[in-house]
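What's in run08.tsv: TSV, N, CA and C atoms
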```
chain	number	residue	atom	x	y	z
A	1	MET	N	0.85	-1.17	0.00
A	1	MET	CA	0.00	0.00	0.00
A	1	MET	C	0.90	1.23	0.00
A	2	THR	N	0.66	2.14	-0.88
A	2	THR	CA	1.47	3.35	-0.99
A	2	THR	C	0.57	4.57	-0.81
A	3	SER	N	1.07	5.55	-0.08
A	3	SER	CA	0.33	6.80	0.04
A	3	SER	C	1.32	7.94	0.21
A	4	ASP	N	1.00	9.09	-0.30
A	4	ASP	CA	1.85	10.26	-0.15
A	4	ASP	C	1.30	11.13	0.97
A	5	PHE	N	2.17	11.48	1.92
A	5	PHE	CA	1.78	12.42	2.97
A	5	PHE	C	1.87	13.82	2.40
A	6	PRO	N	0.90	14.67	2.68
A	6	PRO	CA	1.01	16.05	2.21
A	6	PRO	C	2.06	16.83	3.00
A	7	TYR	N	2.34	16.44	4.24
A	7	TYR	CA	3.27	17.16	5.09
A	7	TYR	C	4.70	16.93	4.64
A	8	ASP	N	5.40	17.97	4.28
A	8	ASP	CA	6.79	17.92	3.84
A	8	ASP	C	7.03	16.98	2.66
A	9	LYS	N	6.00	16.66	1.93
A	9	LYS	CA	6.11	15.81	0.75
A	9	LYS	C	6.78	14.46	1.03
A	10	LEU	N	6.50	13.88	2.19
A	10	LEU	CA	7.02	12.56	2.52
A	10	LEU	C	6.09	11.49	1.98
A	11	ALA	N	6.66	10.33	1.68
A	11	ALA	CA	5.87	9.20	1.19
A	11	ALA	C	6.09	8.03	2.14
A	12	THR	N	5.09	7.16	2.25
A	12	THR	CA	5.21	5.99	3.10
A	12	THR	C	4.70	4.76	2.38
A	13	ILE	N	5.25	3.62	2.74
A	13	ILE	CA	4.76	2.32	2.28
A	13	ILE	C	4.52	1.51	3.54
A	14	SER	N	3.35	0.91	3.64
A	14	SER	CA	3.04	0.13	4.83
A	14	SER	C	2.52	-1.25	4.46
A	15	CYS	N	2.67	-2.17	5.39
A	15	CYS	CA	2.20	-3.53	5.20
A	15	CYS	C	0.72	-3.59	5.56
A	16	GLU	N	-0.09	-4.22	4.72
A	16	GLU	CA	-1.52	-4.33	4.99
A	16	GLU	C	-1.82	-5.49	5.96
A	17	ASN	N	-0.85	-6.35	6.20
A	17	ASN	CA	-1.02	-7.46	7.13
A	17	ASN	C	-0.86	-6.91	8.54
A	18	LYS	N	-1.94	-6.90	9.33
A	18	LYS	CA	-1.90	-6.31	10.67
A	18	LYS	C	-1.00	-7.08	11.62
A	19	GLU	N	-0.64	-8.32	11.28
A	19	GLU	CA	0.22	-9.12	12.15
A	19	GLU	C	1.66	-9.11	11.66
A	20	CYS	N	1.97	-8.22	10.74
A	20	CYS	CA	3.32	-8.14	10.19
A	20	CYS	C	4.32	-7.85	11.30
A	21	LYS	N	5.35	-8.67	11.40
A	21	LYS	CA	6.36	-8.50	12.43
A	21	LYS	C	7.59	-7.77	11.89
A	22	VAL	N	7.61	-7.48	10.60
A	22	VAL	CA	8.77	-6.85	9.97
A	22	VAL	C	8.43	-5.41	9.65
A	23	HIS	N	9.04	-4.48	10.36
A	23	HIS	CA	8.84	-3.05	10.13
A	23	HIS	C	7.52	-2.76	9.40
A	24	PRO	N	6.48	-2.38	10.09
A	24	PRO	CA	5.17	-2.22	9.45
A	24	PRO	C	5.09	-1.10	8.42
A	25	TYR	N	6.06	-0.20	8.39
A	25	TYR	CA	6.03	0.86	7.38
A	25	TYR	C	7.43	1.42	7.16
A	26	THR	N	7.63	2.08	6.04
A	26	THR	CA	8.86	2.83	5.76
A	26	THR	C	8.47	4.19	5.22
A	27	VAL	N	9.37	5.16	5.38
A	27	VAL	CA	9.12	6.53	4.94
A	27	VAL	C	10.29	6.97	4.06
A	28	GLY	N	9.98	7.74	3.02
A	28	GLY	CA	11.01	8.30	2.16
A	28	GLY	C	10.60	9.68	1.69
A	29	LEU	N	11.53	10.36	1.03
A	29	LEU	CA	11.23	11.69	0.50
A	29	LEU	C	10.23	11.63	-0.65
A	30	ASP	N	10.17	10.46	-1.30
A	30	ASP	CA	9.18	10.24	-2.35
A	30	ASP	C	8.85	8.75	-2.37
A	31	THR	N	7.90	8.38	-3.21
A	31	THR	CA	7.46	6.98	-3.27
A	31	THR	C	8.59	6.05	-3.68
A	32	LYS	N	9.45	6.48	-4.59
A	32	LYS	CA	10.57	5.65	-5.04
A	32	LYS	C	11.52	5.34	-3.89
A	33	GLU	N	11.88	6.36	-3.10
A	33	GLU	CA	12.78	6.16	-1.97
A	33	GLU	C	12.12	5.28	-0.90
A	34	ALA	N	10.84	5.50	-0.63
A	34	ALA	CA	10.13	4.68	0.35
A	34	ALA	C	10.11	3.22	-0.09
A	35	ALA	N	9.87	2.97	-1.40
A	35	ALA	CA	9.86	1.61	-1.93
A	35	ALA	C	11.23	0.96	-1.82
A	36	GLU	N	12.28	1.72	-2.08
A	36	GLU	CA	13.64	1.18	-1.96
A	36	GLU	C	13.94	0.80	-0.51
A	37	ARG	N	13.55	1.65	0.42
A	37	ARG	CA	13.75	1.32	1.83
A	37	ARG	C	12.94	0.10	2.24
A	38	TRP	N	11.72	0.00	1.73
A	38	TRP	CA	10.86	-1.16	2.03
A	38	TRP	C	11.53	-2.45	1.54
A	39	ASN	N	12.04	-2.42	0.34
A	39	ASN	CA	12.65	-3.61	-0.25
A	39	ASN	C	13.98	-3.98	0.38
A	40	ASN	N	14.59	-3.07	1.10
A	40	ASN	CA	15.89	-3.34	1.73
A	40	ASN	C	15.81	-3.37	3.26
A	41	ARG	N	14.60	-3.47	3.82
A	41	ARG	CA	14.48	-3.50	5.28
A	41	ARG	C	14.97	-4.85	5.81
A	42	SER	N	15.40	-4.84	7.05
A	42	SER	CA	15.90	-6.07	7.66
A	42	SER	C	14.76	-6.81	8.35
A	43	THR	N	14.93	-8.11	8.50
A	43	THR	CA	13.94	-8.91	9.21
A	43	THR	C	14.41	-9.11	10.64
A	44	PRO	N	13.47	-9.23	11.57
A	44	PRO	CA	13.87	-9.42	12.96
A	44	PRO	C	14.53	-10.78	13.17
A	45	GLU	N	15.39	-10.84	14.17
A	45	GLU	CA	16.06	-12.09	14.51
A	45	GLU	C	15.02	-13.11	14.97
A	46	ASN	N	15.20	-14.35	14.61
A	46	ASN	CA	14.26	-15.42	14.95
A	46	ASN	C	14.97	-16.47	15.79
A	47	LYS	N	15.22	-16.15	17.05
A	47	LYS	CA	15.90	-17.08	17.94
A	47	LYS	C	14.90	-18.07	18.53
A	48	PRO	N	15.39	-19.26	18.92
A	48	PRO	CA	14.49	-20.20	19.61
A	48	PRO	C	13.92	-19.55	20.87
A	49	LEU	N	12.65	-19.85	21.14
A	49	LEU	CA	11.96	-19.27	22.28
A	49	LEU	C	12.28	-20.03	23.57
A	50	THR	N	12.29	-19.31	24.66
A	50	THR	CA	12.48	-19.92	25.98
A	50	THR	C	11.11	-20.22	26.58
A	51	LEU	N	11.09	-20.99	27.64
A	51	LEU	CA	9.85	-21.30	28.33
A	51	LEU	C	9.19	-20.02	28.85
A	52	GLU	N	9.98	-19.09	29.34
A	52	GLU	CA	9.42	-17.82	29.83
A	52	GLU	C	8.76	-17.03	28.70
A	53	GLN	N	9.39	-17.01	27.53
A	53	GLN	CA	8.80	-16.31	26.40
A	53	GLN	C	7.51	-17.00	25.97
A	54	LEU	N	7.50	-18.32	25.97
A	54	LEU	CA	6.29	-19.06	25.61
A	54	LEU	C	5.14	-18.76	26.56
A	55	ARG	N	5.44	-18.56	27.84
A	55	ARG	CA	4.39	-18.24	28.83
A	55	ARG	C	3.67	-16.94	28.49
A	56	GLN	N	4.30	-16.08	27.73
A	56	GLN	CA	3.70	-14.80	27.36
A	56	GLN	C	3.00	-14.86	26.00
A	57	MET	N	2.91	-16.05	25.42
A	57	MET	CA	2.37	-16.19	24.06
A	57	MET	C	1.08	-17.01	24.03
A	58	ASP	N	0.32	-17.00	25.09
A	58	ASP	CA	-0.92	-17.78	25.15
A	58	ASP	C	-1.81	-17.48	23.94
A	59	GLY	N	-2.19	-18.52	23.22
A	59	GLY	CA	-3.06	-18.37	22.06
A	59	GLY	C	-2.35	-18.06	20.75
A	60	GLU	N	-1.04	-17.92	20.78
A	60	GLU	CA	-0.29	-17.59	19.57
A	60	GLU	C	0.33	-18.83	18.94
A	61	PRO	N	0.47	-18.84	17.61
A	61	PRO	CA	1.10	-19.99	16.94
A	61	PRO	C	2.61	-19.97	17.08
A	62	VAL	N	3.21	-21.16	17.15
A	62	VAL	CA	4.66	-21.32	17.19
A	62	VAL	C	5.05	-22.48	16.27
A	63	TRP	N	6.27	-22.44	15.78
A	63	TRP	CA	6.81	-23.47	14.90
A	63	TRP	C	7.73	-24.37	15.73
A	64	ILE	N	7.47	-25.68	15.70
A	64	ILE	CA	8.33	-26.64	16.39
A	64	ILE	C	9.21	-27.30	15.35
A	65	GLU	N	10.49	-26.98	15.43
A	65	GLU	CA	11.44	-27.41	14.40
A	65	GLU	C	11.55	-28.92	14.29
A	66	THR	N	11.67	-29.61	15.42
A	66	THR	CA	11.86	-31.07	15.38
A	66	THR	C	10.64	-31.79	14.82
A	67	MET	N	9.47	-31.23	15.00
A	67	MET	CA	8.24	-31.85	14.51
A	67	MET	C	7.83	-31.33	13.14
A	68	GLN	N	8.48	-30.24	12.72
A	68	GLN	CA	8.16	-29.60	11.43
A	68	GLN	C	6.67	-29.28	11.32
A	69	GLU	N	6.16	-28.63	12.39
A	69	GLU	CA	4.74	-28.26	12.37
A	69	GLU	C	4.45	-27.07	13.27
A	70	TRP	N	3.33	-26.44	12.99
A	70	TRP	CA	2.84	-25.32	13.79
A	70	TRP	C	1.98	-25.86	14.92
A	71	ARG	N	2.07	-25.22	16.08
A	71	ARG	CA	1.22	-25.52	17.23
A	71	ARG	C	0.77	-24.18	17.82
A	72	VAL	N	-0.25	-24.22	18.67
A	72	VAL	CA	-0.72	-23.02	19.37
A	72	VAL	C	-0.36	-23.15	20.84
A	73	VAL	N	0.21	-22.10	21.39
A	73	VAL	CA	0.60	-22.09	22.80
A	73	VAL	C	-0.68	-21.99	23.65
A	74	TRP	N	-0.74	-22.83	24.65
A	74	TRP	CA	-1.86	-22.83	25.58
A	74	TRP	C	-1.30	-22.91	26.99
A	75	ILE	N	-1.67	-21.99	27.85
A	75	ILE	CA	-1.19	-22.00	29.22
A	75	ILE	C	-2.20	-22.77	30.06
A	76	GLY	N	-1.75	-23.88	30.62
A	76	GLY	CA	-2.63	-24.74	31.40
A	76	GLY	C	-2.56	-24.43	32.89
A	77	ILE	N	-2.95	-25.40	33.66
A	77	ILE	CA	-2.97	-25.29	35.12
A	77	ILE	C	-1.55	-25.05	35.63
A	78	GLU	N	-1.42	-24.16	36.60
A	78	GLU	CA	-0.15	-23.82	37.23
A	78	GLU	C	0.92	-23.39	36.22
A	79	ASP	N	0.52	-22.60	35.24
A	79	ASP	CA	1.43	-22.06	34.22
A	79	ASP	C	2.14	-23.12	33.39
A	80	ASP	N	1.56	-24.30	33.29
A	80	ASP	CA	2.12	-25.35	32.44
A	80	ASP	C	1.91	-24.93	30.98
A	81	VAL	N	3.00	-24.83	30.23
A	81	VAL	CA	2.91	-24.39	28.84
A	81	VAL	C	2.69	-25.61	27.95
A	82	ARG	N	1.56	-25.62	27.25
A	82	ARG	CA	1.19	-26.72	26.38
A	82	ARG	C	1.22	-26.23	24.93
A	83	LEU	N	1.52	-27.13	24.01
A	83	LEU	CA	1.55	-26.82	22.58
A	83	LEU	C	0.48	-27.66	21.93
A	84	HIS	N	-0.55	-26.99	21.46
A	84	HIS	CA	-1.78	-27.66	21.01
A	84	HIS	C	-1.84	-27.75	19.48
A	85	SER	N	-2.31	-28.91	19.00
A	85	SER	CA	-2.62	-29.08	17.57
A	85	SER	C	-4.02	-29.69	17.49
A	86	VAL	N	-4.48	-29.92	16.30
A	86	VAL	CA	-5.79	-30.54	16.10
A	86	VAL	C	-5.79	-31.96	16.67
A	87	PHE	N	-4.64	-32.63	16.63
A	87	PHE	CA	-4.55	-34.03	17.02
A	87	PHE	C	-4.23	-34.27	18.48
A	88	ASN	N	-3.37	-33.44	19.08
A	88	ASN	CA	-2.98	-33.66	20.47
A	88	ASN	C	-2.34	-32.41	21.08
A	89	THR	N	-1.98	-32.53	22.34
A	89	THR	CA	-1.31	-31.45	23.06
A	89	THR	C	-0.07	-32.02	23.71
A	90	ILE	N	1.04	-31.30	23.60
A	90	ILE	CA	2.28	-31.76	24.22
A	90	ILE	C	2.83	-30.66	25.13
A	91	SER	N	3.71	-31.05	26.02
A	91	SER	CA	4.33	-30.11	26.94
A	91	SER	C	5.50	-29.40	26.28
A	92	ALA	N	5.55	-28.09	26.41
A	92	ALA	CA	6.68	-27.32	25.89
A	92	ALA	C	7.95	-27.72	26.64
A	93	LYS	N	7.84	-27.99	27.94
A	93	LYS	CA	9.01	-28.43	28.72
A	93	LYS	C	9.59	-29.70	28.12
A	94	HIS	N	8.74	-30.63	27.71
A	94	HIS	CA	9.21	-31.88	27.11
A	94	HIS	C	9.95	-31.61	25.80
A	95	VAL	N	9.40	-30.77	24.97
A	95	VAL	CA	10.04	-30.44	23.69
A	95	VAL	C	11.40	-29.80	23.93
A	96	LEU	N	11.45	-28.81	24.82
A	96	LEU	CA	12.71	-28.10	25.09
A	96	LEU	C	13.74	-29.00	25.77
A	97	ALA	N	13.30	-29.91	26.64
A	97	ALA	CA	14.22	-30.81	27.34
A	97	ALA	C	14.86	-31.83	26.40
A	98	ASN	N	14.23	-32.07	25.26
A	98	ASN	CA	14.74	-33.04	24.29
A	98	ASN	C	15.35	-32.35	23.07
A	99	ASP	N	16.00	-31.23	23.33
A	99	ASP	CA	16.69	-30.45	22.29
A	99	ASP	C	15.79	-29.97	21.16
A	100	GLY	N	14.50	-29.84	21.46
A	100	GLY	CA	13.59	-29.28	20.47
A	100	GLY	C	13.66	-27.77	20.49
A	101	ARG	N	13.56	-27.17	19.34
A	101	ARG	CA	13.58	-25.72	19.23
A	101	ARG	C	12.19	-25.24	18.81
A	102	ILE	N	11.73	-24.20	19.49
A	102	ILE	CA	10.41	-23.64	19.22
A	102	ILE	C	10.62	-22.19	18.80
A	103	TYR	N	9.99	-21.80	17.68
A	103	TYR	CA	10.19	-20.47	17.12
A	103	TYR	C	8.86	-19.74	16.95
A	104	ALA	N	8.92	-18.42	16.98
A	104	ALA	CA	7.74	-17.61	16.71
A	104	ALA	C	7.42	-17.61	15.21
A	105	HIS	N	8.44	-17.80	14.38
A	105	HIS	CA	8.29	-17.85	12.92
A	105	HIS	C	9.07	-19.05	12.40
A	106	LYS	N	8.59	-19.67	11.35
A	106	LYS	CA	9.31	-20.79	10.76
A	106	LYS	C	10.67	-20.28	10.27
A	107	PRO	N	11.77	-20.88	10.77
A	107	PRO	CA	13.09	-20.39	10.37
A	107	PRO	C	13.42	-20.71	8.92
A	108	GLU	N	14.17	-19.81	8.31
A	108	GLU	CA	14.71	-20.08	6.99
A	108	GLU	C	15.98	-20.87	7.21
A	109	GLN	N	16.53	-21.50	6.19
A	109	GLN	CA	17.69	-22.36	6.32
A	109	GLN	C	18.84	-21.70	7.06
A	110	GLU	N	19.17	-20.44	6.76
A	110	GLU	CA	20.31	-19.79	7.38
A	110	GLU	C	20.05	-19.42	8.84
A	111	ASP	N	18.78	-19.43	9.31
A	111	ASP	CA	18.48	-19.10	10.70
A	111	ASP	C	18.71	-20.27	11.64
A	112	LYS	N	18.71	-21.49	11.14
A	112	LYS	CA	18.85	-22.67	11.99
A	112	LYS	C	20.23	-22.72	12.63
A	113	GLN	N	20.25	-23.02	13.94
A	113	GLN	CA	21.51	-23.10	14.65
A	113	GLN	C	21.59	-24.40	15.39
```
In structure tokens, what does this structure look like?
Amino acid sequence: MTSDFPYDKLATISCENKECKVHPYTVGLDTKEAAERWNNRSTPENKPLTLEQLRQMDGEPVWIETMQEWRVVWIGIEDDVRLHSVFNTISAKHVLANDGRIYAHKPEQEDKQ
């Protein structure tokens, strides 16, 4: 989505995806500069999540690398972090204890460590 601001002749490009985690907008002196900045923006680091981080993600999807699938974080009784799918629910502690990595976004090849 592109729009020109009337103020100081600045232009902006913004992401229409409300859940976009990568810089939701860029600004330039004109539309061409804003587009160039948009195309060259950096992506946030995608490190494996800790149990504490998972506790703050109730209801959000996560990628489990060892299982190669998406799950939804569910906080159970006594802050037990569960990873829910259509078929079953597993403990995040179990995944992490067995060298499983859980990510907020599916990692690209170069992100895997």
Margin query: I need the residue nearest Ile75 of chain A from this list: A:Pro107, A:Gly100, A:Gly59, A:Pro48. Use all atoms listed in the file for the distance.
Written below: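 Result for the nearest residue to Ile75 of chain A: A:Gly59.
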Notebook entry, point to check: If you count all atoms listed in the file, which residues fall within 6 Å of Trp63 of chain A, apart from same-chain ones fewer than 2 positions away, as a list in words?
Noted result: Pro61, Glu65, Glu69, Trp70, Arg71, Arg101, Ile102, Tyr103, Ala104, His105 and Lys106 of chain A
Notebook entry, point to check: What is the distance, in Å and to one decimal place, between atom C of Leu83 of chain A and atom C of Thr43 of chain A?
Noted result: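 That distance, rounded to one decimal, is 25.8 Å.
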Note to self: Report, in Å with one decimal, the straight-line distance from atom C of His94 of chain A to atom N of Asn46 of chain A.
What the structure shows: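 Going from atom C of His94 of chain A over to atom N of Asn46 of chain A covers 21.2 Å.
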Item checked: Gap from atom CA of Val73 of chain A to atom N of Ser85 of chain A - Å, one decimal -> 8.3 Å
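Proximity ranking of A:Glu36, A:Asp79, A:Glu16, A:Glu45 relative to Ser91 of chain A places A:Asp79 first, based on only C-alpha atoms.
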Would you compute, for all listed atoms of segment 90-96 of chain A, the axis-aligned bounding box grown by 6 Å on each side, and then report its centre and edge lengths in Å rounded to one decimal, as lines of an AutoDock Vina configuration file?
```
center_x = 7.4
center_y = -29.6
center_z = 26.2
size_x = 24.7
size_y = 16.6
size_z = 17.1
```
Note to self: Measuring between only C-alpha atoms, which one of A:Ala34, A:Ile77, A:Val62, A:Val72 shows the shortest distance to Thr50 of chain A?
What the structure shows: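 Checking each candidate against Thr50 of chain A, we get A:Val62 as the closest.
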From a DSSP pass on the backbone, collect the residues of segment 32-109 of chain A flagged as strand (DSSP E) and hand them back as an mmCIF file with N, CA and C atoms, in the frame of the given file.
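Result written to states30.cif:
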```cif
data_model
loop_
_atom_site.group_PDB
_atom_site.id
_atom_site.type_symbol
_atom_site.label_atom_id
_atom_site.label_comp_id
_atom_site.auth_asym_id
_atom_site.auth_seq_id
_atom_site.Cartn_x
_atom_site.Cartn_y
_atom_site.Cartn_z
ATOM 1 N N PRO A 61 0.470 -18.840 17.610
ATOM 2 C CA PRO A 61 1.100 -19.990 16.940
ATOM 3 C C PRO A 61 2.610 -19.970 17.080
ATOM 4 N N VAL A 62 3.210 -21.160 17.150
ATOM 5 C CA VAL A 62 4.660 -21.320 17.190
ATOM 6 C C VAL A 62 5.050 -22.480 16.270
ATOM 7 N N TRP A 63 6.270 -22.440 15.780
ATOM 8 C CA TRP A 63 6.810 -23.470 14.900
ATOM 9 C C TRP A 63 7.730 -24.370 15.730
ATOM 10 N N ILE A 64 7.470 -25.680 15.700
ATOM 11 C CA ILE A 64 8.330 -26.640 16.390
ATOM 12 C C ILE A 64 9.210 -27.300 15.350
ATOM 13 N N GLU A 69 6.160 -28.630 12.390
ATOM 14 C CA GLU A 69 4.740 -28.260 12.370
ATOM 15 C C GLU A 69 4.450 -27.070 13.270
ATOM 16 N N TRP A 70 3.330 -26.440 12.990
ATOM 17 C CA TRP A 70 2.840 -25.320 13.790
ATOM 18 C C TRP A 70 1.980 -25.860 14.920
ATOM 19 N N ARG A 71 2.070 -25.220 16.080
ATOM 20 C CA ARG A 71 1.220 -25.520 17.230
ATOM 21 C C ARG A 71 0.770 -24.180 17.820
ATOM 22 N N VAL A 72 -0.250 -24.220 18.670
ATOM 23 C CA VAL A 72 -0.720 -23.020 19.370
ATOM 24 C C VAL A 72 -0.360 -23.150 20.840
ATOM 25 N N VAL A 73 0.210 -22.100 21.390
ATOM 26 C CA VAL A 73 0.600 -22.090 22.800
ATOM 27 C C VAL A 73 -0.680 -21.990 23.650
ATOM 28 N N TRP A 74 -0.740 -22.830 24.650
ATOM 29 C CA TRP A 74 -1.860 -22.830 25.580
ATOM 30 C C TRP A 74 -1.300 -22.910 26.990
ATOM 31 N N ILE A 75 -1.670 -21.990 27.850
ATOM 32 C CA ILE A 75 -1.190 -22.000 29.220
ATOM 33 C C ILE A 75 -2.200 -22.770 30.060
ATOM 34 N N VAL A 81 3.000 -24.830 30.230
ATOM 35 C CA VAL A 81 2.910 -24.390 28.840
ATOM 36 C C VAL A 81 2.690 -25.610 27.950
ATOM 37 N N ARG A 82 1.560 -25.620 27.250
ATOM 38 C CA ARG A 82 1.190 -26.720 26.380
ATOM 39 C C ARG A 82 1.220 -26.230 24.930
ATOM 40 N N LEU A 83 1.520 -27.130 24.010
ATOM 41 C CA LEU A 83 1.550 -26.820 22.580
ATOM 42 C C LEU A 83 0.480 -27.660 21.930
ATOM 43 N N HIS A 84 -0.550 -26.990 21.460
ATOM 44 C CA HIS A 84 -1.780 -27.660 21.010
ATOM 45 C C HIS A 84 -1.840 -27.750 19.480
ATOM 46 N N THR A 89 -1.980 -32.530 22.340
ATOM 47 C CA THR A 89 -1.310 -31.450 23.060
ATOM 48 C C THR A 89 -0.070 -32.020 23.710
ATOM 49 N N ILE A 90 1.040 -31.300 23.600
ATOM 50 C CA ILE A 90 2.280 -31.760 24.220
ATOM 51 C C ILE A 90 2.830 -30.660 25.130
ATOM 52 N N SER A 91 3.710 -31.050 26.020
ATOM 53 C CA SER A 91 4.330 -30.110 26.940
ATOM 54 C C SER A 91 5.500 -29.400 26.280
ATOM 55 N N ILE A 102 11.730 -24.200 19.490
ATOM 56 C CA ILE A 102 10.410 -23.640 19.220
ATOM 57 C C ILE A 102 10.620 -22.190 18.800
ATOM 58 N N TYR A 103 9.990 -21.800 17.680
ATOM 59 C CA TYR A 103 10.190 -20.470 17.120
ATOM 60 C C TYR A 103 8.860 -19.740 16.950
#
```
